[in-house]
$ cat query.txt   # compact mmCIF, C-alpha atoms
# COMPACT_ATOMS: atom_id res chain seq x y z
CA MET A 345 29.27 57.00 -11.70
CA ILE A 346 32.53 55.28 -12.54
CA THR A 347 33.39 51.67 -13.26
CA LEU A 348 36.27 49.96 -11.46
CA TYR A 349 38.50 47.54 -13.32
CA ALA A 350 41.52 46.81 -11.19
CA ILE A 351 43.69 47.81 -8.26
CA THR A 352 47.38 48.16 -8.91
CA ASP A 353 50.53 49.59 -7.35
CA HIS A 354 53.78 51.26 -8.39
CA PRO A 355 55.45 51.10 -10.74
CA THR A 356 52.45 51.93 -12.90
CA ALA A 357 53.09 52.06 -16.59
CA ALA A 358 51.00 54.54 -18.57
CA LEU A 359 47.39 53.47 -18.90
CA PRO A 360 46.28 52.37 -22.37
CA ALA A 361 45.00 55.34 -24.33
CA GLY A 362 41.68 55.84 -26.04
CA VAL A 363 39.51 53.81 -23.66
CA GLY A 364 38.70 56.54 -21.18
CA LEU A 365 40.63 55.10 -18.27
CA HIS A 366 42.01 57.10 -15.37
CA ALA A 367 43.69 56.19 -12.12
CA VAL A 368 42.63 57.21 -8.62
CA ALA A 369 45.48 57.04 -6.17
CA ASP A 370 45.90 56.35 -2.47
CA GLY A 371 49.56 56.23 -1.63
CA GLU A 372 51.27 53.68 -3.81
CA LEU A 373 47.98 52.03 -4.74
CA SER A 374 45.71 53.14 -7.51
CA ALA A 375 42.30 52.06 -8.76
CA VAL A 376 41.95 51.95 -12.51
CA CYS A 377 38.57 53.43 -13.41
CA GLY A 378 36.51 54.14 -16.45
CA PRO A 379 33.21 55.75 -17.31
CA ALA A 380 30.01 54.13 -16.06
CA ILE A 381 28.73 51.36 -18.31
CA ALA A 382 25.60 49.23 -18.22
CA LYS A 383 26.08 46.09 -16.13
CA GLU A 384 25.13 43.80 -18.91
CA ILE A 385 25.51 40.06 -18.52
CA SER A 386 26.38 38.89 -22.01
CA ALA A 387 29.34 37.08 -23.50
CA ASP A 388 30.34 40.22 -25.41
CA ALA A 389 30.22 42.49 -22.37
CA LEU A 390 32.15 40.05 -20.21
CA TRP A 391 34.81 39.44 -22.81
CA ALA A 392 35.16 43.19 -23.47
CA HIS A 393 35.73 43.78 -19.77
CA GLU A 394 38.20 40.92 -19.61
CA ARG A 395 40.16 42.20 -22.61
CA LEU A 396 40.58 45.55 -20.92
CA VAL A 397 41.82 44.01 -17.67
CA GLU A 398 44.25 41.85 -19.63
CA VAL A 399 45.65 44.86 -21.46
CA LEU A 400 46.22 46.43 -18.06
CA MET A 401 47.82 43.27 -16.79
CA ASP A 402 50.27 43.33 -19.65
CA GLY A 403 52.15 46.18 -18.08
CA ARG A 404 51.61 45.73 -14.35
CA ASP A 405 50.59 43.47 -11.50
CA LEU A 406 47.00 44.01 -10.49
CA LEU A 407 44.02 42.77 -8.50
CA PRO A 408 41.06 42.47 -10.85
CA VAL A 409 37.84 43.94 -9.49
CA ARG A 410 34.57 42.00 -9.69
CA TYR A 411 32.62 42.67 -12.85
CA GLY A 412 29.87 45.22 -12.45
CA THR A 413 31.52 47.21 -9.67
CA SER A 414 30.80 50.89 -9.88
CA LEU A 415 31.16 53.78 -7.48
CA PRO A 416 29.68 57.28 -7.40
CA ASP A 417 32.95 59.13 -8.09
CA ASP A 418 36.72 59.28 -7.73
CA ALA A 419 36.45 60.29 -4.10
CA ALA A 420 34.54 57.10 -3.34
CA ALA A 421 37.21 55.07 -5.13
CA ALA A 422 39.93 56.75 -3.08
CA ARG A 423 38.00 55.98 0.12
CA ALA A 424 37.61 52.33 -0.90
CA LEU A 425 41.37 52.09 -1.42
CA GLU A 426 42.12 53.78 1.88
CA GLU A 427 39.75 51.57 3.87
CA ARG A 428 41.53 48.37 2.89
CA HIS A 429 44.88 49.70 1.80
CA GLY A 430 46.95 47.14 3.72
CA THR A 431 44.82 44.23 2.51
CA TYR A 432 45.19 45.25 -1.13
CA ALA A 433 48.92 45.85 -0.79
CA ALA A 434 49.41 42.40 0.72
CA ALA A 435 47.27 40.76 -1.97
CA LEU A 436 49.28 42.48 -4.70
CA GLU A 437 52.46 41.11 -3.19
CA ARG A 438 50.96 37.62 -3.26
CA VAL A 439 50.10 37.80 -6.95
CA ARG A 440 53.27 39.60 -8.05
CA GLY A 441 54.42 38.26 -11.40
CA ALA A 442 51.76 35.57 -11.56
CA VAL A 443 48.63 34.63 -13.50
CA GLU A 444 45.68 32.39 -12.78
CA LEU A 445 44.88 29.11 -14.49
CA ALA A 446 41.45 27.51 -14.13
CA VAL A 447 40.95 23.76 -13.95
CA ARG A 448 37.76 21.70 -13.91
CA VAL A 449 37.49 17.93 -13.71
CA PHE A 450 34.57 15.78 -14.79
CA GLY A 451 33.98 12.06 -14.43
CA GLU A 452 33.26 9.76 -17.30
CA GLY A 453 29.88 9.12 -18.82
CA GLY A 454 28.28 12.52 -19.25
CA GLY A 455 28.04 15.72 -17.25
CA ALA A 456 26.39 14.14 -14.25
CA SER A 457 28.10 11.27 -12.56
CA ALA A 458 26.37 8.03 -13.48
CA ASP A 459 26.07 7.36 -9.78
CA ASP A 460 24.43 10.64 -8.96
CA PRO A 461 20.77 10.07 -8.19
CA SER A 462 18.44 12.79 -9.41
CA PRO A 463 15.49 13.71 -7.19
CA GLY A 464 13.09 11.72 -9.30
CA GLU A 465 15.17 8.59 -9.15
CA ARG A 466 15.06 6.81 -5.84
CA SER A 467 17.41 3.95 -6.16
CA PRO A 468 20.24 4.22 -8.68
CA ASP A 469 20.98 0.55 -8.44
CA ARG A 470 17.49 -0.40 -9.44
CA GLY A 471 16.54 2.12 -12.09
CA PRO A 472 13.38 4.19 -12.04
CA ARG A 473 11.22 4.21 -8.98
CA GLU A 474 8.65 1.45 -8.64
CA ARG A 475 5.73 1.31 -6.31
CA SER A 476 5.93 -1.93 -4.44
CA ALA A 477 4.36 -3.70 -1.52
CA ALA A 478 7.37 -2.88 0.62
CA PRO A 479 6.54 -2.55 4.31
CA ASP A 480 7.99 0.94 4.80
CA GLY A 481 4.77 2.53 3.69
CA ARG A 482 6.38 4.99 1.28
CA GLY A 483 6.15 2.60 -1.64
CA ASP A 484 9.94 2.48 -2.04
CA PRO A 485 11.84 -0.73 -2.39
CA PRO A 486 13.40 -1.65 0.95
CA GLY A 487 16.95 -0.38 1.32
CA ALA A 488 16.35 2.61 -0.97
CA GLY A 489 17.68 4.99 1.68
CA ALA A 490 20.89 3.06 2.11
CA ALA A 491 21.26 2.81 -1.66
CA TYR A 492 20.89 6.57 -1.95
CA LEU A 493 23.55 7.22 0.67
CA ARG A 494 25.85 4.68 -0.93
CA ALA A 495 25.49 6.52 -4.23
CA ARG A 496 26.30 9.79 -2.49
CA ALA A 497 29.31 8.10 -0.92
CA ARG A 498 30.51 6.99 -4.33
CA ALA A 499 30.17 10.55 -5.62
CA ALA A 500 32.09 11.89 -2.61
CA ALA A 501 34.80 9.28 -3.17
CA ALA A 502 35.09 10.29 -6.83
CA GLU A 503 35.54 13.90 -5.77
CA ALA A 504 38.18 12.94 -3.22
CA GLN A 505 39.97 10.93 -5.87
CA ALA A 506 39.96 13.87 -8.25
CA ARG A 507 41.52 15.97 -5.48
CA THR A 508 44.26 13.39 -4.93
CA ARG A 509 44.99 12.59 -8.56
CA VAL A 510 44.54 16.00 -10.17
CA HIS A 511 44.58 18.80 -7.64
CA GLU A 512 47.54 17.62 -5.58
CA PRO A 513 50.04 17.21 -8.43
CA LEU A 514 48.94 20.51 -9.95
CA ALA A 515 49.11 22.30 -6.61
CA ARG A 516 52.75 21.30 -6.33
CA ALA A 517 53.42 23.30 -9.50
CA ALA A 518 51.59 26.42 -8.33
CA ARG A 519 52.41 29.27 -6.03
CA ALA A 520 48.94 29.14 -4.50
CA THR A 521 45.64 27.37 -5.07
CA ALA A 522 41.95 28.11 -4.62
CA LEU A 523 39.77 25.01 -4.48
CA ALA A 524 36.02 25.43 -4.80
CA PRO A 525 34.62 24.00 -1.54
CA LEU A 526 31.65 22.27 -3.18
CA PRO A 527 31.89 21.30 -6.83
CA ARG A 528 28.85 22.02 -8.93
CA ALA A 529 26.56 19.31 -10.23
CA GLY A 530 28.51 17.29 -12.77
CA GLU A 531 31.92 18.46 -11.63
CA LEU A 532 34.34 16.44 -9.55
CA LEU A 533 36.64 19.36 -8.95
CA ARG A 534 36.91 23.06 -9.65
CA ALA A 535 40.09 24.94 -8.81
CA ALA A 536 42.26 27.93 -9.64
CA TYR A 537 46.05 27.91 -9.57
CA LEU A 538 48.37 30.90 -9.18
CA VAL A 539 51.30 30.31 -11.48
CA ASP A 540 54.32 32.42 -12.41
CA ARG A 541 53.77 34.27 -15.67
CA ASP A 542 56.51 32.35 -17.45
CA ALA A 543 55.49 28.96 -16.04
CA THR A 544 52.13 28.49 -17.74
CA ALA A 545 53.50 26.19 -20.46
CA ALA A 546 55.08 23.93 -17.85
CA PHE A 547 51.82 23.90 -15.87
CA THR A 548 49.82 23.01 -18.98
CA ALA A 549 52.24 20.18 -19.71
CA ARG A 550 51.63 18.92 -16.20
CA VAL A 551 47.87 19.02 -16.82
CA ARG A 552 48.42 16.91 -19.95
CA ASP A 553 50.47 14.42 -17.94
CA VAL A 554 47.76 14.14 -15.31
CA GLN A 555 45.11 13.69 -18.01
CA GLU A 556 47.13 10.87 -19.56
CA ARG A 557 47.45 9.13 -16.22
CA CYS A 558 43.71 9.49 -15.60
CA PRO A 559 41.97 8.48 -18.82
CA LYS A 560 38.62 8.14 -17.08
CA LEU A 561 38.63 11.76 -15.99
CA ARG A 562 37.98 14.73 -18.23
CA ILE A 563 40.04 17.77 -17.42
CA THR A 564 39.73 21.27 -18.79
CA CYS A 565 42.28 24.00 -18.21
CA THR A 566 41.90 27.59 -19.32
CA GLY A 567 43.94 30.74 -18.89
CA PRO A 568 45.98 32.73 -18.34
CA TRP A 569 43.55 34.87 -16.39
CA PRO A 570 44.13 37.85 -14.12
CA PRO A 571 44.29 36.57 -10.51
CA TYR A 572 40.54 36.81 -9.73
CA SER A 573 40.61 33.96 -7.26
CA PHE A 574 43.58 35.35 -5.33
CA ALA A 575 42.48 38.96 -5.04
CA GLY A 576 41.66 38.29 -1.43
CA SER A 577 38.13 39.61 -1.13
CA MET G 1394 36.88 27.73 -35.84
CA THR G 1395 35.75 26.84 -32.37
CA THR G 1396 32.46 25.07 -31.80
CA VAL G 1397 29.89 26.41 -29.40
CA ALA G 1398 30.86 23.82 -26.81
CA GLU G 1399 34.52 24.75 -27.15
CA GLN G 1400 33.74 28.43 -26.61
CA ASP G 1401 31.75 27.55 -23.54
CA VAL G 1402 34.74 25.92 -21.88
CA ALA G 1403 36.37 29.32 -21.61
CA LEU G 1404 33.09 31.19 -21.11
CA VAL G 1405 32.17 29.23 -17.98
CA ASP G 1406 35.59 29.90 -16.50
CA LEU G 1407 35.29 33.57 -17.51
CA ILE G 1408 31.95 33.88 -15.72
CA ASP G 1409 33.30 32.10 -12.64
CA ARG G 1410 36.09 34.63 -12.46
CA LEU G 1411 34.35 37.89 -13.37
CA LEU G 1412 31.20 37.26 -11.37
CA GLY G 1413 32.54 34.98 -8.67
CA GLY G 1414 36.01 36.37 -8.05
CA GLY G 1415 37.92 39.60 -7.97
CA VAL G 1416 37.95 42.34 -5.39
CA VAL G 1417 34.51 43.12 -4.02
CA ILE G 1418 33.82 46.75 -3.28
CA ALA G 1419 30.33 47.63 -2.13
CA GLY G 1420 29.28 50.38 -4.46
CA ASP G 1421 25.99 51.56 -5.77
CA ILE G 1422 23.89 48.74 -4.38
CA THR G 1423 21.18 49.62 -1.88
CA LEU G 1424 21.57 49.19 1.84
CA ALA G 1425 19.39 46.09 1.87
CA ALA G 1426 21.46 44.51 -0.82
CA ALA G 1427 24.60 45.52 1.02
CA ASP G 1428 23.34 43.61 4.05
CA VAL G 1429 22.84 40.58 1.87
CA ASP G 1430 26.34 41.03 0.58
CA LEU G 1431 27.69 40.70 4.11
CA VAL G 1432 25.69 37.56 4.62
CA TYR G 1433 27.24 36.11 1.51
CA LEU G 1434 30.76 36.94 2.54
CA GLY G 1435 30.13 35.36 5.90
CA LEU G 1436 28.67 32.23 4.38
CA ARG G 1437 31.60 31.83 2.05
CA ALA G 1438 33.89 31.81 5.06
CA VAL G 1439 31.69 29.15 6.64
CA ILE G 1440 31.67 27.02 3.50
CA ALA G 1441 35.42 27.26 3.17
CA SER G 1442 36.02 26.35 6.80
CA VAL G 1443 33.59 23.43 6.66
CA ALA G 1444 35.20 22.14 3.49
CA THR G 1445 38.66 22.38 5.06
CA ALA G 1446 37.52 20.65 8.21
CA ARG G 1447 35.92 17.92 6.15
CA GLU G 1448 39.11 17.31 4.22
CA GLN G 1449 41.16 17.19 7.37
CA GLY G 1450 38.74 14.80 8.99
CA VAL G 1451 38.05 17.06 11.91
CA LEU G 1452 34.50 18.01 11.06
CA PRO G 1453 32.83 18.18 14.48
CA GLU G 1454 30.14 15.63 15.26
CA THR G 1455 26.68 17.14 15.36
CA GLY G 1456 25.59 15.43 18.53
CA SER G 1457 23.35 12.38 18.88
CA ALA G 1458 22.35 10.43 15.83
CA PRO G 1459 19.10 11.56 14.20
CA MET S 1283 39.87 37.10 -29.24
CA ASN S 1284 42.73 35.05 -27.96
CA ASP S 1285 41.89 31.48 -27.14
CA LYS S 1286 41.96 30.78 -23.42
CA ARG S 1287 41.77 27.04 -23.74
CA LEU S 1288 44.99 25.41 -22.63
CA HIS S 1289 43.75 21.86 -22.29
CA GLU S 1290 40.45 20.18 -22.80
CA PRO S 1291 39.24 16.59 -23.04
CA SER S 1292 38.83 15.02 -26.45
CA ASP S 1293 35.13 14.66 -25.93
CA LEU S 1294 33.40 17.83 -24.85
CA ASP S 1295 30.01 16.22 -24.35
CA CYS S 1296 30.84 15.65 -20.72
CA LEU S 1297 30.60 19.37 -20.19
CA GLY S 1298 26.85 19.21 -20.53
CA ASP S 1299 24.36 21.53 -22.14
CA PRO S 1300 26.08 24.36 -24.02
CA LEU S 1301 24.98 27.99 -23.80
CA THR S 1302 23.54 27.59 -20.33
CA ALA S 1303 26.44 29.42 -18.70
CA LEU S 1304 25.07 32.86 -19.48
CA ASP S 1305 21.51 31.88 -18.65
CA ARG S 1306 22.74 30.94 -15.22
CA ALA S 1307 24.25 34.30 -14.55
CA LEU S 1308 22.01 37.01 -13.20
CA PRO S 1309 19.96 38.19 -16.15
CA GLY S 1310 20.25 41.87 -16.98
CA ARG S 1311 20.62 44.20 -14.07
CA LEU S 1312 19.80 44.01 -10.42
CA ASN S 1313 16.13 44.87 -10.32
CA ALA S 1314 14.48 46.57 -7.39
CA ASP S 1315 10.84 45.90 -8.17
CA PRO S 1316 8.99 43.97 -5.45
CA GLU S 1317 8.22 40.84 -7.48
CA ASN S 1318 11.82 40.39 -8.47
CA LEU S 1319 13.01 41.08 -4.96
CA GLU S 1320 10.74 38.33 -3.67
CA ARG S 1321 11.98 35.87 -6.22
CA GLY S 1322 15.54 36.97 -5.51
CA LEU S 1323 14.97 36.36 -1.82
CA ALA S 1324 13.50 32.93 -2.55
CA GLN S 1325 16.54 32.16 -4.65
CA LEU S 1326 18.81 33.19 -1.80
CA VAL S 1327 16.90 31.12 0.77
CA LEU S 1328 16.72 28.04 -1.43
CA THR S 1329 20.42 28.31 -2.20
CA ILE S 1330 21.24 28.34 1.48
CA VAL S 1331 18.95 25.38 2.15
CA GLU S 1332 20.53 23.51 -0.76
CA LEU S 1333 23.97 24.27 0.61
CA LEU S 1334 23.02 22.92 4.03
CA ARG S 1335 21.46 19.85 2.46
CA GLN S 1336 24.65 19.08 0.57
CA LEU S 1337 26.81 19.64 3.63
CA MET S 1338 24.60 17.40 5.77
CA GLU S 1339 24.60 14.66 3.14
CA ARG S 1340 28.37 14.77 3.01
CA GLN S 1341 28.66 14.51 6.75
CA ALA S 1342 26.26 11.56 6.79
CA VAL S 1343 28.41 9.85 4.16
CA ARG S 1344 31.43 10.49 6.33
CA ARG S 1345 29.85 8.86 9.32
CA MET S 1346 28.68 5.95 7.21
CA ASP S 1347 32.22 5.47 5.93
CA ASP S 1348 33.54 5.69 9.49
CA GLY S 1349 31.28 2.83 10.44
CA SER S 1350 29.67 4.91 13.18
CA LEU S 1351 26.12 4.41 11.89
CA SER S 1352 23.98 1.31 12.23
CA ASP S 1353 22.31 -0.15 9.15
CA GLU S 1354 19.01 1.18 10.38
CA GLN S 1355 20.43 4.67 10.84
CA VAL S 1356 21.92 4.58 7.34
CA GLU S 1357 18.58 3.60 5.88
CA ARG S 1358 16.68 6.25 7.83
CA LEU S 1359 19.20 8.97 6.99
CA GLY S 1360 19.10 7.99 3.33
CA GLN S 1361 15.31 8.11 3.26
CA THR S 1362 15.40 11.52 4.92
CA PHE S 1363 17.85 12.91 2.41
CA MET S 1364 15.88 11.47 -0.49
CA ALA S 1365 12.75 13.15 0.85
CA LEU S 1366 14.67 16.39 1.36
CA SER S 1367 16.01 16.24 -2.15
CA GLU S 1368 12.51 15.72 -3.54
CA ARG S 1369 11.13 18.56 -1.45
CA MET S 1370 13.85 20.85 -2.73
CA ALA S 1371 12.98 19.85 -6.29
CA GLU S 1372 9.34 20.74 -5.62
CA LEU S 1373 10.28 24.12 -4.15
CA ARG S 1374 12.59 24.85 -7.05
CA GLU S 1375 9.83 24.01 -9.48
CA ARG S 1376 7.35 26.22 -7.66
CA PHE S 1377 9.65 29.23 -8.09
CA GLY S 1378 10.81 28.24 -11.52
CA PHE S 1379 14.45 27.58 -10.65
CA ASP S 1380 16.55 24.71 -11.81
CA GLU S 1381 19.56 23.30 -10.02
CA GLU S 1382 22.07 25.63 -11.56
CA ASP S 1383 20.00 28.68 -10.58
CA LEU S 1384 20.71 27.83 -6.97
CA ASN S 1385 24.39 28.05 -7.65
CA LEU S 1386 24.26 31.73 -7.94
CA HIS S 1387 26.34 34.30 -9.62
CA LEU S 1388 24.89 37.43 -8.18
CA GLY S 1389 27.09 40.03 -9.82
CA PRO S 1390 28.31 42.46 -7.18
CA LEU S 1391 26.79 40.30 -4.44
CA GLY S 1392 29.07 37.39 -5.10
CA ASP S 1393 29.00 33.68 -5.59
CA LEU S 1394 27.75 31.21 -3.04
CA LEU S 1395 28.45 27.69 -4.19
$ encode --input "query.txt" --output "structure tokens"
Amino acid sequence: MITLYAITDHPTAALPAGVGLHAVADGELSAVCGPAIAKEISADALWAHERLVEVLMDGRDLLPVRYGTSLPDDAAAARALEERHGTYAAALERVRGAVELAVRVFGEGGGASADDPSPGERSPDRGPRERSAAPDGRGDPPGAGAAYLRARARAAAAEAQARTRVHEPLARAARATALAPLPRAGELLRAAYLVDRDATAAFTARVRDVQERCPKLRITCTGPWPPYSFAGS
Amino acid sequence: MTTVAEQDVALVDLIDRLLGGGVVIAGDITLAAADVDLVYLGLRAVIASVATAREQGVLPETGSAP
Amino acid sequence: MNDKRLHEPSDLDCLGDPLTALDRALPGRLNADPENLERGLAQLVLTIVELLRQLMERQAVRRMDDGSLSDEQVERLGQTFMALSERMAELRERFGFDEEDLNLHLGPLGDLL
């Protein structure tokens, strides 16, 4: 078994020594492989993998492979390259000379939006659920359904606002963007931006500007990362 | 020195990328799992298209009101 | 280890409970024993149901904002989604998942939400 780290194309600088890497080629593409390792999910294992991919990225453009990908042997790696050769070549062209920056946006007042009703809380406007003599038979205060939908509408509006006020200005500074279709609980926005290698400082400055203009939002930005979100799988 | 919370800012983004992104090559997973993999890829395309349609305001109506 | 943080808010409390990120990821390796497969399948099914629930809620909100729903329809839809949300919470509890577990990182199988 072999572990796959990245797909890259010519010109390929020499692979870093001493870490057991070798390249499997298919035309101008090659898959950078290493010995099989346990697919451990731990901070250390993930960071170790990431460090290796970043060392590779130092000398070449590449498509990072999903963590935990392994194949039986070199022949299988060559077949994988051949099967989607055109797709990988096109994706490499898209990410040429660029890195990925990750942005997440949160609202004020804690991880969950203050308007976000949890399952145990029926009516955010009224506080905890109360049994009442309401005529709907469920014991909810009348109008609880409408209140719930209004709260969902407020959450959706907050997400849309984050897209307008944060994503759009940042997108204008990026070569490409990848917006998570549904933010996770507590997030208003989650996105990745493909940015030229030498433009990350300018992008970060833009994030700071946006943060200053939106004091009620909390924005995190991390990177530079290999272009995981633009590898086109 | 970074605090635990500070480390997590990068860790969450790391996990999102390593486990949620990158090139996917079906490898040593079993056939059943490979079938599930296809389902996932298909669903991601659906999610993305629904999200786009929603943003553009062209999400199709689902017929009569419930 | 170089620091990846380029920008972060002055108060990090908004980011929620620390150290949950790894717990959320698939623990250990993909496991083929029947009990784990069943729980894995339940996780998959519940994630899909949760996805549909969220999409439907969002569409209902859209129609409410459009003004194309009567007050009665808004109330009934809201009650339905509240009930659905509670039912999902019950199902999650039965299988021992919390909300973040249904936003899966499944290693080589990918990421749904």
$ interface_residues --input "query.txt" --of "chain A" --to "chain G" --cutoff "8 Å" --atoms "all atoms listed in the file" --output "PDB file with C-alpha atoms, keeping the file's coordinate frame"
ATOM      1  CA  ALA A 387      29.340  37.080 -23.500  1.00  0.00           C
ATOM      2  CA  LEU A 390      32.150  40.050 -20.210  1.00  0.00           C
ATOM      3  CA  TRP A 391      34.810  39.440 -22.810  1.00  0.00           C
ATOM      4  CA  GLU A 394      38.200  40.920 -19.610  1.00  0.00           C
ATOM      5  CA  LEU A 407      44.020  42.770  -8.500  1.00  0.00           C
ATOM      6  CA  PRO A 408      41.060  42.470 -10.850  1.00  0.00           C
ATOM      7  CA  VAL A 409      37.840  43.940  -9.490  1.00  0.00           C
ATOM      8  CA  ARG A 410      34.570  42.000  -9.690  1.00  0.00           C
ATOM      9  CA  TYR A 411      32.620  42.670 -12.850  1.00  0.00           C
ATOM     10  CA  THR A 413      31.520  47.210  -9.670  1.00  0.00           C
ATOM     11  CA  SER A 414      30.800  50.890  -9.880  1.00  0.00           C
ATOM     12  CA  LEU A 415      31.160  53.780  -7.480  1.00  0.00           C
ATOM     13  CA  PRO A 416      29.680  57.280  -7.400  1.00  0.00           C
ATOM     14  CA  ALA A 424      37.610  52.330  -0.900  1.00  0.00           C
ATOM     15  CA  ALA A 446      41.450  27.510 -14.130  1.00  0.00           C
ATOM     16  CA  PRO A 525      34.620  24.000  -1.540  1.00  0.00           C
ATOM     17  CA  LEU A 526      31.650  22.270  -3.180  1.00  0.00           C
ATOM     18  CA  THR A 564      39.730  21.270 -18.790  1.00  0.00           C
ATOM     19  CA  THR A 566      41.900  27.590 -19.320  1.00  0.00           C
ATOM     20  CA  PRO A 571      44.290  36.570 -10.510  1.00  0.00           C
ATOM     21  CA  TYR A 572      40.540  36.810  -9.730  1.00  0.00           C
ATOM     22  CA  SER A 573      40.610  33.960  -7.260  1.00  0.00           C
ATOM     23  CA  PHE A 574      43.580  35.350  -5.330  1.00  0.00           C
ATOM     24  CA  ALA A 575      42.480  38.960  -5.040  1.00  0.00           C
ATOM     25  CA  GLY A 576      41.660  38.290  -1.430  1.00  0.00           C
ATOM     26  CA  SER A 577      38.130  39.610  -1.130  1.00  0.00           C
TER      27      SER A 577
END
$ atom_distance --input "query.txt" --atom1 "CA of Glu1354 (chain S)" --atom2 "CA of Leu493 (chain A)"
12.3 Å
$ closest_residue --input "query.txt" --among "A:Ala490, A:Val539, A:Ala419, A:Val449" --to "chain S" --atoms "only C-alpha atoms"
A:Ala490
$ atom_distance --input "query.txt" --atom1 "CA of Ala504 (chain A)" --atom2 "CA of Tyr492 (chain A)"
18.5 Å
$ atom_distance --input "query.txt" --atom1 "CA of Arg1369 (chain S)" --atom2 "CA of Arg496 (chain A)"
17.6 Å
$ closest_residue --input "query.txt" --among "S:Gln1361, S:Ser1292, S:Ser1350, S:Gln1325" --to "Phe1377 (chain S)" --atoms "all atoms listed in the file"
S:Gln1325
$ closest_residue --input "query.txt" --among "S:Gln1355, S:Met1346, S:Gln1336, S:Ala1324" --to "chain G" --atoms "all atoms listed in the file"
S:Gln1355
$ residues_around --input "query.txt" --residues "region 545-550 of chain A" --least-positions-apart "2" --cutoff "12 Å" --atoms "all atoms listed in the file" --output "PyMOL selection string"
(chain A and resi 443-447+509-519+537-543+552-557+563-568) or (chain S and resi 1286-1290)
$ closest_residue --input "query.txt" --among "S:Leu1334, S:Val1343, S:Leu1366, S:Leu1373" --to "chain A" --atoms "all atoms listed in the file"
S:Val1343
$ closest_residue --input "query.txt" --among "A:Ala420, A:Ala382, A:Ala536, A:Leu436" --to "chain S" --atoms "all atoms listed in the file"
A:Ala382
$ closest_residue --input "query.txt" --among "S:Leu1359, S:Gly1322, S:Glu1332, S:Phe1379" --to "chain G" --atoms "only C-alpha atoms"
S:Leu1359
